[in-house]
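Undergrad: Got a structure for you, upload12.cif, holding mmCIF, C-alpha atoms.
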data_final
#
loop_
_atom_site.label_atom_id
_atom_site.label_comp_id
_atom_site.auth_asym_id
_atom_site.auth_seq_id
_atom_site.Cartn_x
_atom_site.Cartn_y
_atom_site.Cartn_z
CA MET A 1 -25.97 135.51 -97.41
CA PRO A 2 -22.58 136.10 -95.74
CA ILE A 3 -21.27 139.65 -95.40
CA VAL A 4 -17.84 140.76 -96.59
CA VAL A 5 -16.28 144.16 -95.90
CA GLN A 6 -13.86 145.53 -98.49
CA LYS A 7 -11.71 148.64 -98.10
CA TYR A 8 -10.11 150.48 -101.03
CA GLY A 9 -7.33 153.02 -100.48
CA GLY A 10 -6.91 156.38 -102.18
CA SER A 11 -4.74 155.11 -105.01
CA SER A 12 -7.38 152.49 -105.89
CA VAL A 13 -10.04 155.19 -106.38
CA ALA A 14 -7.73 157.93 -107.66
CA ASP A 15 -9.70 158.65 -110.85
CA VAL A 16 -12.96 157.78 -112.58
CA GLU A 17 -11.50 154.83 -114.49
CA LYS A 18 -10.12 153.27 -111.29
CA ILE A 19 -13.45 153.82 -109.57
CA ARG A 20 -15.14 151.90 -112.39
CA LYS A 21 -12.65 149.04 -111.93
CA VAL A 22 -13.38 148.93 -108.21
CA ALA A 23 -17.10 148.92 -108.99
CA GLY A 24 -16.56 145.93 -111.27
CA ARG A 25 -14.69 144.06 -108.54
CA VAL A 26 -17.45 144.83 -106.03
CA ARG A 27 -20.12 143.68 -108.51
CA ASP A 28 -18.27 140.39 -109.03
CA LYS A 29 -18.04 139.82 -105.28
CA ARG A 30 -21.77 140.45 -104.91
CA ASP A 31 -22.55 138.13 -107.82
CA SER A 32 -20.55 135.35 -106.12
CA GLY A 33 -23.07 135.28 -103.28
CA TYR A 34 -22.02 137.91 -100.75
CA GLN A 35 -23.59 140.96 -99.21
CA VAL A 36 -20.93 143.63 -99.67
CA VAL A 37 -20.01 146.67 -97.59
CA VAL A 38 -17.29 148.84 -99.13
CA VAL A 39 -15.17 151.39 -97.24
CA VAL A 40 -13.38 153.99 -99.36
CA SER A 41 -10.61 156.51 -98.75
CA ALA A 42 -10.39 159.92 -100.43
CA MET A 43 -9.35 159.94 -104.10
CA GLY A 44 -5.59 160.05 -104.68
CA ASP A 45 -4.04 163.16 -103.11
CA THR A 46 -7.36 164.78 -102.16
CA THR A 47 -6.61 164.81 -98.43
CA ASP A 48 -3.23 166.49 -98.99
CA GLU A 49 -4.87 169.05 -101.26
CA LEU A 50 -7.50 169.85 -98.65
CA LEU A 51 -4.81 170.18 -95.99
CA ALA A 52 -2.91 172.58 -98.23
CA LEU A 53 -6.07 174.68 -98.62
CA ALA A 54 -6.47 174.80 -94.86
CA LYS A 55 -2.84 175.81 -94.35
CA GLY A 56 -3.34 178.57 -96.94
CA VAL A 57 -6.02 180.06 -94.72
CA SER A 58 -4.55 179.34 -91.28
CA GLU A 59 -1.10 178.35 -90.07
CA ASP A 60 -2.71 176.28 -87.33
CA PRO A 61 -6.24 175.33 -88.43
CA PRO A 62 -8.67 174.43 -85.62
CA ARG A 63 -8.96 170.66 -85.45
CA ARG A 64 -12.74 170.71 -85.47
CA GLU A 65 -12.80 172.66 -88.72
CA LEU A 66 -10.10 170.40 -90.18
CA ASP A 67 -12.34 167.41 -89.51
CA MET A 68 -15.25 169.14 -91.23
CA LEU A 69 -13.02 169.84 -94.24
CA LEU A 70 -11.08 166.58 -94.57
CA THR A 71 -14.13 164.32 -94.35
CA CYS A 72 -15.29 165.81 -97.67
CA GLY A 73 -12.67 163.71 -99.50
CA GLU A 74 -14.16 160.35 -98.52
CA ARG A 75 -17.67 161.58 -99.22
CA ILE A 76 -16.67 162.32 -102.81
CA SER A 77 -15.30 158.77 -103.24
CA MET A 78 -18.33 157.07 -101.70
CA ALA A 79 -20.83 158.97 -103.86
CA LEU A 80 -18.89 158.34 -107.10
CA LEU A 81 -18.50 154.62 -106.38
CA SER A 82 -22.20 154.32 -105.61
CA MET A 83 -22.99 156.05 -108.91
CA ALA A 84 -20.63 153.73 -110.80
CA LEU A 85 -22.28 150.64 -109.30
CA GLN A 86 -25.77 151.88 -110.09
CA GLU A 87 -24.65 152.62 -113.65
CA MET A 88 -23.72 148.90 -113.87
CA GLY A 89 -27.17 147.92 -112.68
CA VAL A 90 -26.05 147.12 -109.11
CA PRO A 91 -28.27 148.69 -106.41
CA ALA A 92 -26.06 150.72 -104.06
CA ILE A 93 -26.23 153.47 -101.46
CA SER A 94 -23.53 155.62 -99.86
CA PHE A 95 -23.27 156.56 -96.17
CA THR A 96 -21.03 158.89 -94.20
CA GLY A 97 -19.41 157.61 -91.03
CA SER A 98 -22.18 159.24 -89.03
CA GLN A 99 -24.94 157.63 -91.12
CA SER A 100 -23.18 154.27 -90.72
CA GLY A 101 -23.42 154.48 -86.92
CA ILE A 102 -19.72 154.93 -86.15
CA ILE A 103 -19.57 156.61 -82.73
CA THR A 104 -16.24 158.03 -81.53
CA ASN A 105 -14.82 159.99 -78.64
CA ASP A 106 -14.41 163.74 -79.08
CA ALA A 107 -10.68 163.83 -79.92
CA HIS A 108 -10.73 165.73 -83.21
CA ALA A 109 -8.16 164.56 -85.82
CA GLN A 110 -7.26 161.47 -83.74
CA ALA A 111 -10.61 160.10 -82.61
CA ARG A 112 -11.07 156.52 -81.47
CA ILE A 113 -14.15 154.43 -82.23
CA MET A 114 -16.18 153.75 -79.10
CA GLU A 115 -19.16 151.91 -80.61
CA VAL A 116 -20.69 150.93 -83.97
CA ARG A 117 -24.46 150.94 -84.50
CA PRO A 118 -24.87 149.65 -88.08
CA TYR A 119 -28.67 149.63 -88.17
CA ARG A 120 -29.01 151.50 -91.46
CA ILE A 121 -26.36 149.28 -93.07
CA HIS A 122 -28.28 146.14 -92.06
CA ASP A 123 -31.49 147.63 -93.45
CA GLU A 124 -29.95 148.42 -96.85
CA LEU A 125 -28.18 145.06 -97.11
CA ALA A 126 -31.54 143.40 -96.46
CA ARG A 127 -32.90 145.36 -99.43
CA GLY A 128 -30.21 143.84 -101.63
CA LYS A 129 -27.99 146.91 -101.89
CA VAL A 130 -24.23 147.30 -101.76
CA VAL A 131 -23.42 149.78 -98.99
CA ILE A 132 -20.58 152.25 -99.57
CA VAL A 133 -19.15 153.86 -96.43
CA ALA A 134 -16.88 156.90 -96.20
CA GLY A 135 -13.79 155.77 -94.29
CA TYR A 136 -11.68 157.70 -91.78
CA GLN A 137 -14.64 159.39 -90.08
CA GLY A 138 -17.34 159.10 -87.47
CA VAL A 139 -19.45 161.20 -85.16
CA SER A 140 -18.72 161.89 -81.51
CA TYR A 141 -21.18 161.49 -78.67
CA LYS A 142 -21.40 165.31 -78.86
CA LYS A 143 -22.73 164.97 -82.44
CA GLU A 144 -19.50 166.41 -83.87
CA VAL A 145 -17.88 165.11 -87.07
CA THR A 146 -14.54 163.45 -86.21
CA THR A 147 -11.68 161.80 -88.08
CA LEU A 148 -9.70 158.74 -87.04
CA GLY A 149 -6.14 159.79 -87.87
CA ARG A 150 -3.70 158.53 -90.50
CA GLY A 151 -4.92 155.33 -92.15
CA GLY A 152 -8.26 155.60 -90.37
CA SER A 153 -10.21 154.01 -93.23
CA ASP A 154 -8.63 150.68 -92.25
CA THR A 155 -10.06 151.12 -88.76
CA THR A 156 -13.48 151.92 -90.23
CA ALA A 157 -13.42 148.68 -92.23
CA VAL A 158 -12.37 146.46 -89.33
CA ALA A 159 -14.85 148.07 -86.93
CA LEU A 160 -17.69 147.52 -89.41
CA ALA A 161 -16.60 143.92 -90.03
CA ALA A 162 -16.79 143.26 -86.29
CA ALA A 163 -20.16 144.99 -85.86
CA LEU A 164 -21.68 143.21 -88.87
CA ASP A 165 -20.22 139.81 -87.96
CA ALA A 166 -18.66 139.74 -91.43
CA GLU A 167 -17.08 136.62 -92.86
CA ALA A 168 -14.03 138.57 -94.03
CA CYS A 169 -12.40 142.00 -93.97
CA GLU A 170 -10.36 142.64 -97.12
CA ILE A 171 -7.99 145.62 -97.27
CA PHE A 172 -7.04 146.46 -100.88
CA SER A 173 -3.98 148.51 -101.86
CA ASP A 174 -1.38 148.75 -104.64
CA VAL A 175 0.68 145.84 -103.28
CA ASP A 176 -0.27 142.20 -102.78
CA GLY A 177 -0.09 142.03 -99.01
CA VAL A 178 2.60 142.76 -96.44
CA PHE A 179 6.27 142.39 -97.34
CA SER A 180 9.32 141.88 -95.16
CA ALA A 181 10.38 145.41 -96.21
CA ASP A 182 9.26 148.08 -98.66
CA PRO A 183 9.97 146.47 -102.08
CA ARG A 184 10.87 149.91 -103.45
CA VAL A 185 13.73 150.10 -100.92
CA VAL A 186 14.62 146.39 -100.66
CA PRO A 187 14.06 144.64 -104.03
CA ASP A 188 14.61 141.23 -102.36
CA ALA A 189 11.82 141.78 -99.84
CA ARG A 190 9.45 138.83 -99.77
CA LYS A 191 5.72 138.67 -99.26
CA LEU A 192 4.58 137.33 -95.91
CA GLU A 193 1.74 134.81 -96.15
CA SER A 194 0.64 135.45 -92.57
CA LEU A 195 1.38 137.72 -89.61
CA SER A 196 0.17 137.82 -86.03
CA TYR A 197 -1.83 140.81 -84.86
CA ASP A 198 1.04 141.89 -82.60
CA GLU A 199 3.64 141.72 -85.37
CA MET A 200 1.46 143.68 -87.77
CA GLN A 201 0.65 146.30 -85.16
CA GLU A 202 4.33 146.83 -84.41
CA LEU A 203 5.17 147.16 -88.11
CA ALA A 204 2.32 149.60 -88.66
CA SER A 205 3.25 151.78 -85.69
CA ALA A 206 6.87 151.84 -86.90
CA GLY A 207 6.06 153.22 -90.34
CA ALA A 208 4.80 150.37 -92.54
CA LYS A 209 1.99 151.87 -94.61
CA VAL A 210 0.04 148.70 -95.55
CA LEU A 211 -2.28 148.66 -92.52
CA ASN A 212 -3.24 151.09 -89.78
CA ALA A 213 -2.09 150.24 -86.23
CA GLN A 214 -5.42 151.12 -84.60
CA ALA A 215 -7.23 148.92 -87.13
CA VAL A 216 -5.05 145.95 -86.17
CA GLU A 217 -5.63 146.69 -82.48
CA TRP A 218 -9.40 146.65 -83.11
CA ALA A 219 -9.16 143.42 -85.14
CA LYS A 220 -7.19 141.68 -82.41
CA ALA A 221 -9.64 142.69 -79.68
CA ARG A 222 -12.56 141.29 -81.69
CA GLY A 223 -10.89 138.35 -83.44
CA ILE A 224 -11.37 139.70 -86.98
CA ALA A 225 -8.94 138.23 -89.53
CA ILE A 226 -7.69 140.81 -92.05
CA LEU A 227 -6.72 139.93 -95.61
CA ALA A 228 -4.38 142.54 -97.10
CA ARG A 229 -4.27 142.12 -100.87
CA THR A 230 -3.78 143.94 -104.15
CA ALA A 231 -6.58 145.85 -105.87
CA HIS A 232 -4.99 144.88 -109.20
CA GLY A 233 -5.13 141.21 -110.18
CA GLN A 234 -5.73 138.15 -108.02
CA GLY A 235 -2.80 137.80 -105.61
CA THR A 236 -2.99 135.66 -102.48
CA GLY A 237 -2.29 138.58 -100.12
CA THR A 238 -1.33 138.37 -96.44
CA VAL A 239 -3.59 137.17 -93.63
CA VAL A 240 -3.30 138.97 -90.28
CA GLN A 241 -4.75 136.89 -87.47
CA GLU A 242 -4.00 135.21 -84.16
CA LEU A 243 -1.22 132.67 -84.72
CA SER A 244 -0.96 129.82 -82.24
CA VAL A 245 2.23 128.39 -83.71
CA PRO A 246 5.40 130.45 -83.10
CA ALA A 247 6.97 131.86 -86.24
CA ASP A 248 9.97 130.01 -87.67
CA ASN A 249 11.79 133.26 -88.32
CA ARG A 250 12.43 135.57 -85.37
CA VAL A 251 12.53 138.63 -87.64
CA LYS A 252 9.46 139.05 -89.84
CA GLY A 253 9.98 142.51 -91.27
CA VAL A 254 12.06 145.70 -91.37
CA THR A 255 10.52 149.14 -91.88
CA ALA A 256 11.58 152.78 -91.70
CA GLU A 257 9.86 155.97 -90.55
CA PRO A 258 11.38 159.12 -92.06
CA GLU A 259 8.73 161.58 -90.93
CA MET A 260 9.75 162.09 -87.32
CA ALA A 261 10.31 164.96 -84.94
CA VAL A 262 12.73 164.40 -82.06
CA LEU A 263 12.26 166.65 -79.04
CA SER A 264 15.28 166.88 -76.75
CA ALA A 265 14.98 168.47 -73.32
CA SER A 266 17.76 169.51 -70.95
CA GLU A 267 17.81 168.90 -67.22
CA GLN A 268 16.15 172.29 -66.62
CA VAL A 269 12.89 170.81 -67.93
CA ARG A 270 10.75 168.61 -65.71
CA LEU A 271 9.70 165.55 -67.71
CA GLU A 272 6.20 165.58 -66.22
CA GLU A 273 5.75 169.21 -67.33
CA LEU A 274 6.83 168.45 -70.90
CA LEU A 275 4.52 165.44 -71.15
CA GLU A 276 1.61 167.48 -69.78
CA PHE A 277 2.34 170.14 -72.42
CA LEU A 278 2.26 167.52 -75.22
CA ASP A 279 -0.86 165.81 -73.86
CA ALA A 280 -2.75 169.10 -73.82
CA ARG A 281 -2.05 169.41 -77.58
CA GLY A 282 -2.82 165.80 -78.43
CA VAL A 283 0.80 164.99 -79.34
CA ARG A 284 1.59 161.30 -78.81
CA GLY A 285 5.20 160.17 -78.80
CA ARG A 286 6.35 156.84 -80.16
CA THR A 287 9.44 156.42 -77.99
CA LEU A 288 10.76 158.15 -74.90
CA GLY A 289 14.21 158.00 -73.34
CA PHE A 290 15.81 159.84 -70.46
CA ASP A 291 18.74 159.51 -68.10
CA GLY A 292 18.65 160.46 -64.45
CA PRO A 293 15.63 160.93 -62.18
CA THR A 294 12.37 161.93 -63.87
CA GLY A 295 12.10 165.17 -61.89
CA GLY A 296 15.28 166.55 -63.46
CA ALA A 297 16.72 164.16 -66.00
CA LYS A 298 20.05 165.18 -67.52
CA HIS A 299 18.62 164.51 -70.96
CA THR A 300 15.18 163.58 -72.30
CA ALA A 301 14.38 162.61 -75.91
CA ILE A 302 10.91 161.98 -77.34
CA ALA A 303 10.37 160.75 -80.92
CA VAL A 304 7.03 161.77 -82.42
CA PRO A 305 5.67 160.79 -85.87
CA LEU A 306 4.95 164.02 -87.76
CA ALA A 307 1.70 162.53 -89.06
CA ASP A 308 0.40 162.62 -85.47
CA ILE A 309 1.03 166.37 -85.17
CA HIS A 310 -1.47 168.90 -86.46
CA GLY A 311 -0.03 172.40 -86.66
CA THR A 312 3.72 171.69 -86.55
CA ASP A 313 4.76 175.35 -86.81
CA ALA A 314 2.37 176.40 -84.07
CA LEU A 315 3.60 173.59 -81.81
CA ARG A 316 7.22 174.65 -82.29
CA LYS A 317 6.35 178.23 -81.38
CA ASP A 318 4.46 177.08 -78.28
CA LEU A 319 7.45 174.97 -77.25
CA ALA A 320 9.81 177.93 -77.62
CA THR A 321 7.45 180.20 -75.67
CA ARG A 322 7.02 177.69 -72.85
CA PHE A 323 10.50 176.15 -72.59
CA GLY A 324 12.84 178.48 -74.50
CA GLU A 325 16.07 176.84 -75.62
CA SER A 326 15.68 174.07 -73.03
CA VAL A 327 13.74 171.96 -75.58
CA SER A 328 15.18 171.48 -79.07
CA TRP A 329 13.37 170.18 -82.17
CA ARG A 330 14.93 168.05 -84.92
CA GLU A 331 13.43 166.67 -88.12
CA ASP A 332 16.63 165.26 -89.64
CA LEU A 333 16.35 161.90 -87.86
CA GLY A 334 14.29 158.78 -88.52
CA THR A 335 13.91 155.20 -87.34
CA VAL A 336 14.68 151.77 -88.73
CA THR A 337 12.66 149.08 -86.96
CA CYS A 338 12.82 145.27 -86.99
CA VAL A 339 9.76 143.30 -85.84
CA GLY A 340 9.36 139.67 -84.81
CA VAL A 341 8.38 137.36 -81.97
CA GLY A 342 11.34 136.67 -79.69
CA LEU A 343 13.43 139.23 -81.55
CA ASN A 344 15.32 140.25 -78.42
CA ALA A 345 15.70 136.84 -76.82
CA ASP A 346 19.44 137.48 -77.14
CA TRP A 347 21.67 140.30 -78.40
CA VAL A 348 22.38 138.83 -81.85
CA PRO A 349 19.84 140.92 -83.85
CA LEU A 350 20.92 144.13 -82.11
CA ARG A 351 24.60 143.35 -82.64
CA ARG A 352 24.02 142.73 -86.33
CA ALA A 353 21.92 145.87 -86.71
CA LEU A 354 24.57 147.99 -84.99
CA ALA A 355 27.28 146.42 -87.15
CA ALA A 356 25.24 147.23 -90.28
CA ALA A 357 24.95 150.85 -89.14
CA GLU A 358 28.70 151.03 -88.49
CA GLU A 359 29.51 149.61 -91.94
CA LEU A 360 27.24 152.23 -93.49
CA GLY A 361 28.75 155.03 -91.42
CA ALA A 362 25.37 155.76 -89.84
CA ARG A 363 25.46 157.24 -86.35
CA VAL A 364 22.99 155.58 -83.97
CA TYR A 365 21.51 158.18 -81.62
CA ALA A 366 19.28 155.83 -79.64
CA VAL A 367 18.11 152.23 -79.46
CA HIS A 368 14.70 150.99 -78.31
CA THR A 369 13.91 147.32 -77.72
CA SER A 370 10.83 145.36 -76.69
CA PRO A 371 9.85 141.67 -76.95
CA LEU A 372 8.63 142.33 -80.52
CA GLN A 373 10.62 145.34 -81.68
CA LEU A 374 14.14 146.64 -82.20
CA THR A 375 14.46 150.29 -83.28
CA LEU A 376 17.49 152.40 -84.22
CA LEU A 377 17.31 156.21 -84.37
CA VAL A 378 19.63 157.46 -87.13
CA ASP A 379 20.14 160.34 -89.55
CA LYS A 380 17.35 160.44 -92.12
CA ALA A 381 19.89 160.29 -94.96
CA HIS A 382 20.84 156.72 -93.94
CA LEU A 383 17.33 155.26 -93.61
CA LYS A 384 17.04 153.53 -96.98
CA GLY A 385 20.57 152.17 -96.94
CA LEU A 386 20.31 150.93 -93.37
CA THR A 387 16.91 149.33 -94.00
CA ALA A 388 18.37 147.33 -96.89
CA ARG A 389 21.49 146.31 -94.91
CA VAL A 390 19.58 145.27 -91.79
CA HIS A 391 17.15 143.28 -93.95
CA ARG A 392 20.07 141.47 -95.57
CA GLU A 393 21.72 140.78 -92.21
CA LEU A 394 18.61 139.49 -90.43
CA LEU A 395 16.47 138.09 -93.25
CA GLY A 396 18.93 137.36 -96.02
CA GLY A 397 18.63 138.46 -99.65
#
Can the structure from this file be put into structure tokens for me?

TA:
Amino acid sequence: MPIVVQKYGGSSVADVEKIRKVAGRVRDKRDSGYQVVVVVSAMGDTTDELLALAKGVSEDPPRRELDMLLTCGERISMALLSMALQEMGVPAISFTGSQSGIITNDAHAQARIMEVRPYRIHDELARGKVVIVAGYQGVSYKKEVTTLGRGGSDTTAVALAAALDAEACEIFSDVDGVFSADPRVVPDARKLESLSYDEMQELASAGAKVLNAQAVEWAKARGIAILARTAHGQGTGTVVQELSVPADNRVKGVTAEPEMAVLSASEQVRLEELLEFLDARGVRGRTLGFDGPTGGAKHTAIAVPLADIHGTDALRKDLATRFGESVSWREDLGTVTCVGVGLNADWVPLRRALAAAEELGARVYAVHTSPLQLTLLVDKAHLKGLTARVHRELLGG
């Protein structure tokens, strides 16, 4: 029997009734002739609630202890879903990331999967059971519990699909696939039937919440096609895979990232010293710009997604202690990003995006371009309006 891996996000398992609905969908998939492995996220806002508890105890919780705490959320989901399936007469068993054989490096809060040893999963599938796996977590080679960062349950699902040689990896959420923009911001956004791995990875890294960037990276490396679809109803979804035929439309999607910190350093700060400081704290920047020689640039700016920072207040204090007023911190800026193959083959998309910003009265602080991406750094207050205008200019609607 072929194997299929399904992943359900937090909103899909937010309460007991939704868990029962997911159990029914899993039962139907099994009855149609598949062996089923299900990856689940924590219920609803459980992760945020656990984080709030941690912050109530410590301003800067140790990352190891955070991992121990936050992995509880997925374990609750996996156990409840297994119970719901067994109540329906479907044999099922739940596993943590460690029990599933997911081996990571030792980077707490942002671990990367190094290897998957799914021996216990194979054994239970052979016994006719549905296997429920807690997403977002693994175990390091030091036998420490680790978490995979924001959206890590997607990575769990793709990694398991590759290790199990699954026929499909289905990622379920509230929306039916990937859209050209957030439909809540751009009502005319249209669903994309297919995307290349590279396009999806760029959208995910720029703020699109449908899929996790590391999951797409893993899928690309191992040739696993991902089907992103709705957990409600029977939509066609979006397939993410290697596309041999160039896309007809240079721009595939527009997304925004409001949760950013922008670090600006004066020429008194050596760029290498600042990067070493951030590396030591596991802070990864999304974009970097500077003018002048690296040893003493007149101005350096690094944009960092806040979701990749653990202990924001502590980091700001450390920055002030180490660099004084030479490094400033802003959270009033965000990015609007366009993604597509050949996007920057000429200056037309950038010209139109800059014109849209000017019409809106949005100041553009920086521009970043690559073969697949065009990003504008603007005031956070203009993000929604600029996303809609750029979408209209480059994609119509």

Undergrad: Report the residues retrieved by the PyMOL selection byres ((chain A and resi 38) around 7) from the displayed file, expressed as a ChimeraX atom specification.

TA: /A:5-7,36-37,39-40,131-133

Undergrad: Report as a ChimeraX atom specification the residues that result from applying the PyMOL selection byres ((chain A and resi 262-278) around 8) to the structure here.

TA: /A:260-261,279-284,294-304,323,326-331,333

Undergrad: Apply the PyMOL selection byres ((chain A and resi 45-49) around 9) to the displayed file and report the matching residues as a PDB file with C-alpha atoms, in the coordinates of the input.

TA:
ATOM      1  CA  GLY A  10      -6.910 156.380-102.180  1.00  0.00           C
ATOM      2  CA  SER A  11      -4.740 155.110-105.010  1.00  0.00           C
ATOM      3  CA  ALA A  14      -7.730 157.930-107.660  1.00  0.00           C
ATOM      4  CA  ALA A  42     -10.390 159.920-100.430  1.00  0.00           C
ATOM      5  CA  MET A  43      -9.350 159.940-104.100  1.00  0.00           C
ATOM      6  CA  GLY A  44      -5.590 160.050-104.680  1.00  0.00           C
ATOM      7  CA  LEU A  50      -7.500 169.850 -98.650  1.00  0.00           C
ATOM      8  CA  LEU A  51      -4.810 170.180 -95.990  1.00  0.00           C
ATOM      9  CA  ALA A  52      -2.910 172.580 -98.230  1.00  0.00           C
ATOM     10  CA  LEU A  53      -6.070 174.680 -98.620  1.00  0.00           C
ATOM     11  CA  ALA A  54      -6.470 174.800 -94.860  1.00  0.00           C
ATOM     12  CA  LEU A  70     -11.080 166.580 -94.570  1.00  0.00           C
ATOM     13  CA  THR A  71     -14.130 164.320 -94.350  1.00  0.00           C
ATOM     14  CA  CYS A  72     -15.290 165.810 -97.670  1.00  0.00           C
ATOM     15  CA  GLY A  73     -12.670 163.710 -99.500  1.00  0.00           C
ATOM     16  CA  GLU A  74     -14.160 160.350 -98.520  1.00  0.00           C
TER      17      GLU A  74
END

Undergrad: Within 7 Å of Gly177 in chain A, counting all atoms listed in the file, which residues qualify if same-chain residues fewer than 5 places away don't, as a PyMOL selection string?

TA: chain A and resi 191+228-230+237-238

Undergrad: Smallest atom-to-atom distance to Gly149 in chain A: which of A:Ser173, A:Thr337, A:Gln214, A:Ser58, using only C-alpha atoms?

TA: A:Gln214

Undergrad: In terms of the shortest atom-to-atom distance over all atoms listed in the file, which of A:Lys220, A:Lys143, A:Arg27, A:Lys209 is closest to Ala162 in chain A?

TA: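 Once distances to Ala162 in chain A are computed over all atoms listed in the file, the minimum belongs to A:Lys220.
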
Undergrad: Report the distance between CA of Ala92 in chain A and CA of Arg120 in chain A in Å, rounded to one decimal place.

TA: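 Computed distance, CA of Ala92 in chain A to CA of Arg120 in chain A, equals 13.0 Å.
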
Undergrad: Rank A:Tyr119, A:Tyr34, A:Phe179, A:Tyr8 by their smallest atom-to-atom distance to Ala166 in chain A, using all atoms listed in the file, and report the top residue only.

TA: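 With all atoms listed in the file as the atom set, the closest residue is A:Tyr34.
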
Undergrad: My list of candidates is A:His232, A:Val116, A:Arg150, A:Glu65. Which is closest to Lys18 in chain A when distances are computed with all atoms listed in the file?

TA: A:His232

Undergrad: Check the smallest atom-to-atom distance from each of A:Ser194, A:Thr104, A:Thr146, A:Ser82 to Ala159 in chain A using all atoms listed in the file, then report the winner.

TA: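 Of A:Ser194, A:Thr104, A:Thr146, A:Ser82, the one nearest Ala159 in chain A, counting all atoms listed in the file, is A:Thr104.
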
Undergrad: Quick one: distance from CA of Val186 in chain A to CA of Thr387 in chain A in Å, one decimal?

TA: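 These atoms are spaced 7.6 Å apart.
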
Undergrad: Show me, as a list in words, the residues that have an atom within 8 Å of Val185 in chain A when counting all atoms listed in the file, minus same-chain residues fewer than 2 positions from it.

TA: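 In the requested form, the answer reads Ala181, Asp182, Pro183, Pro187, Lys384, Thr387 and Ala388 of chain A.
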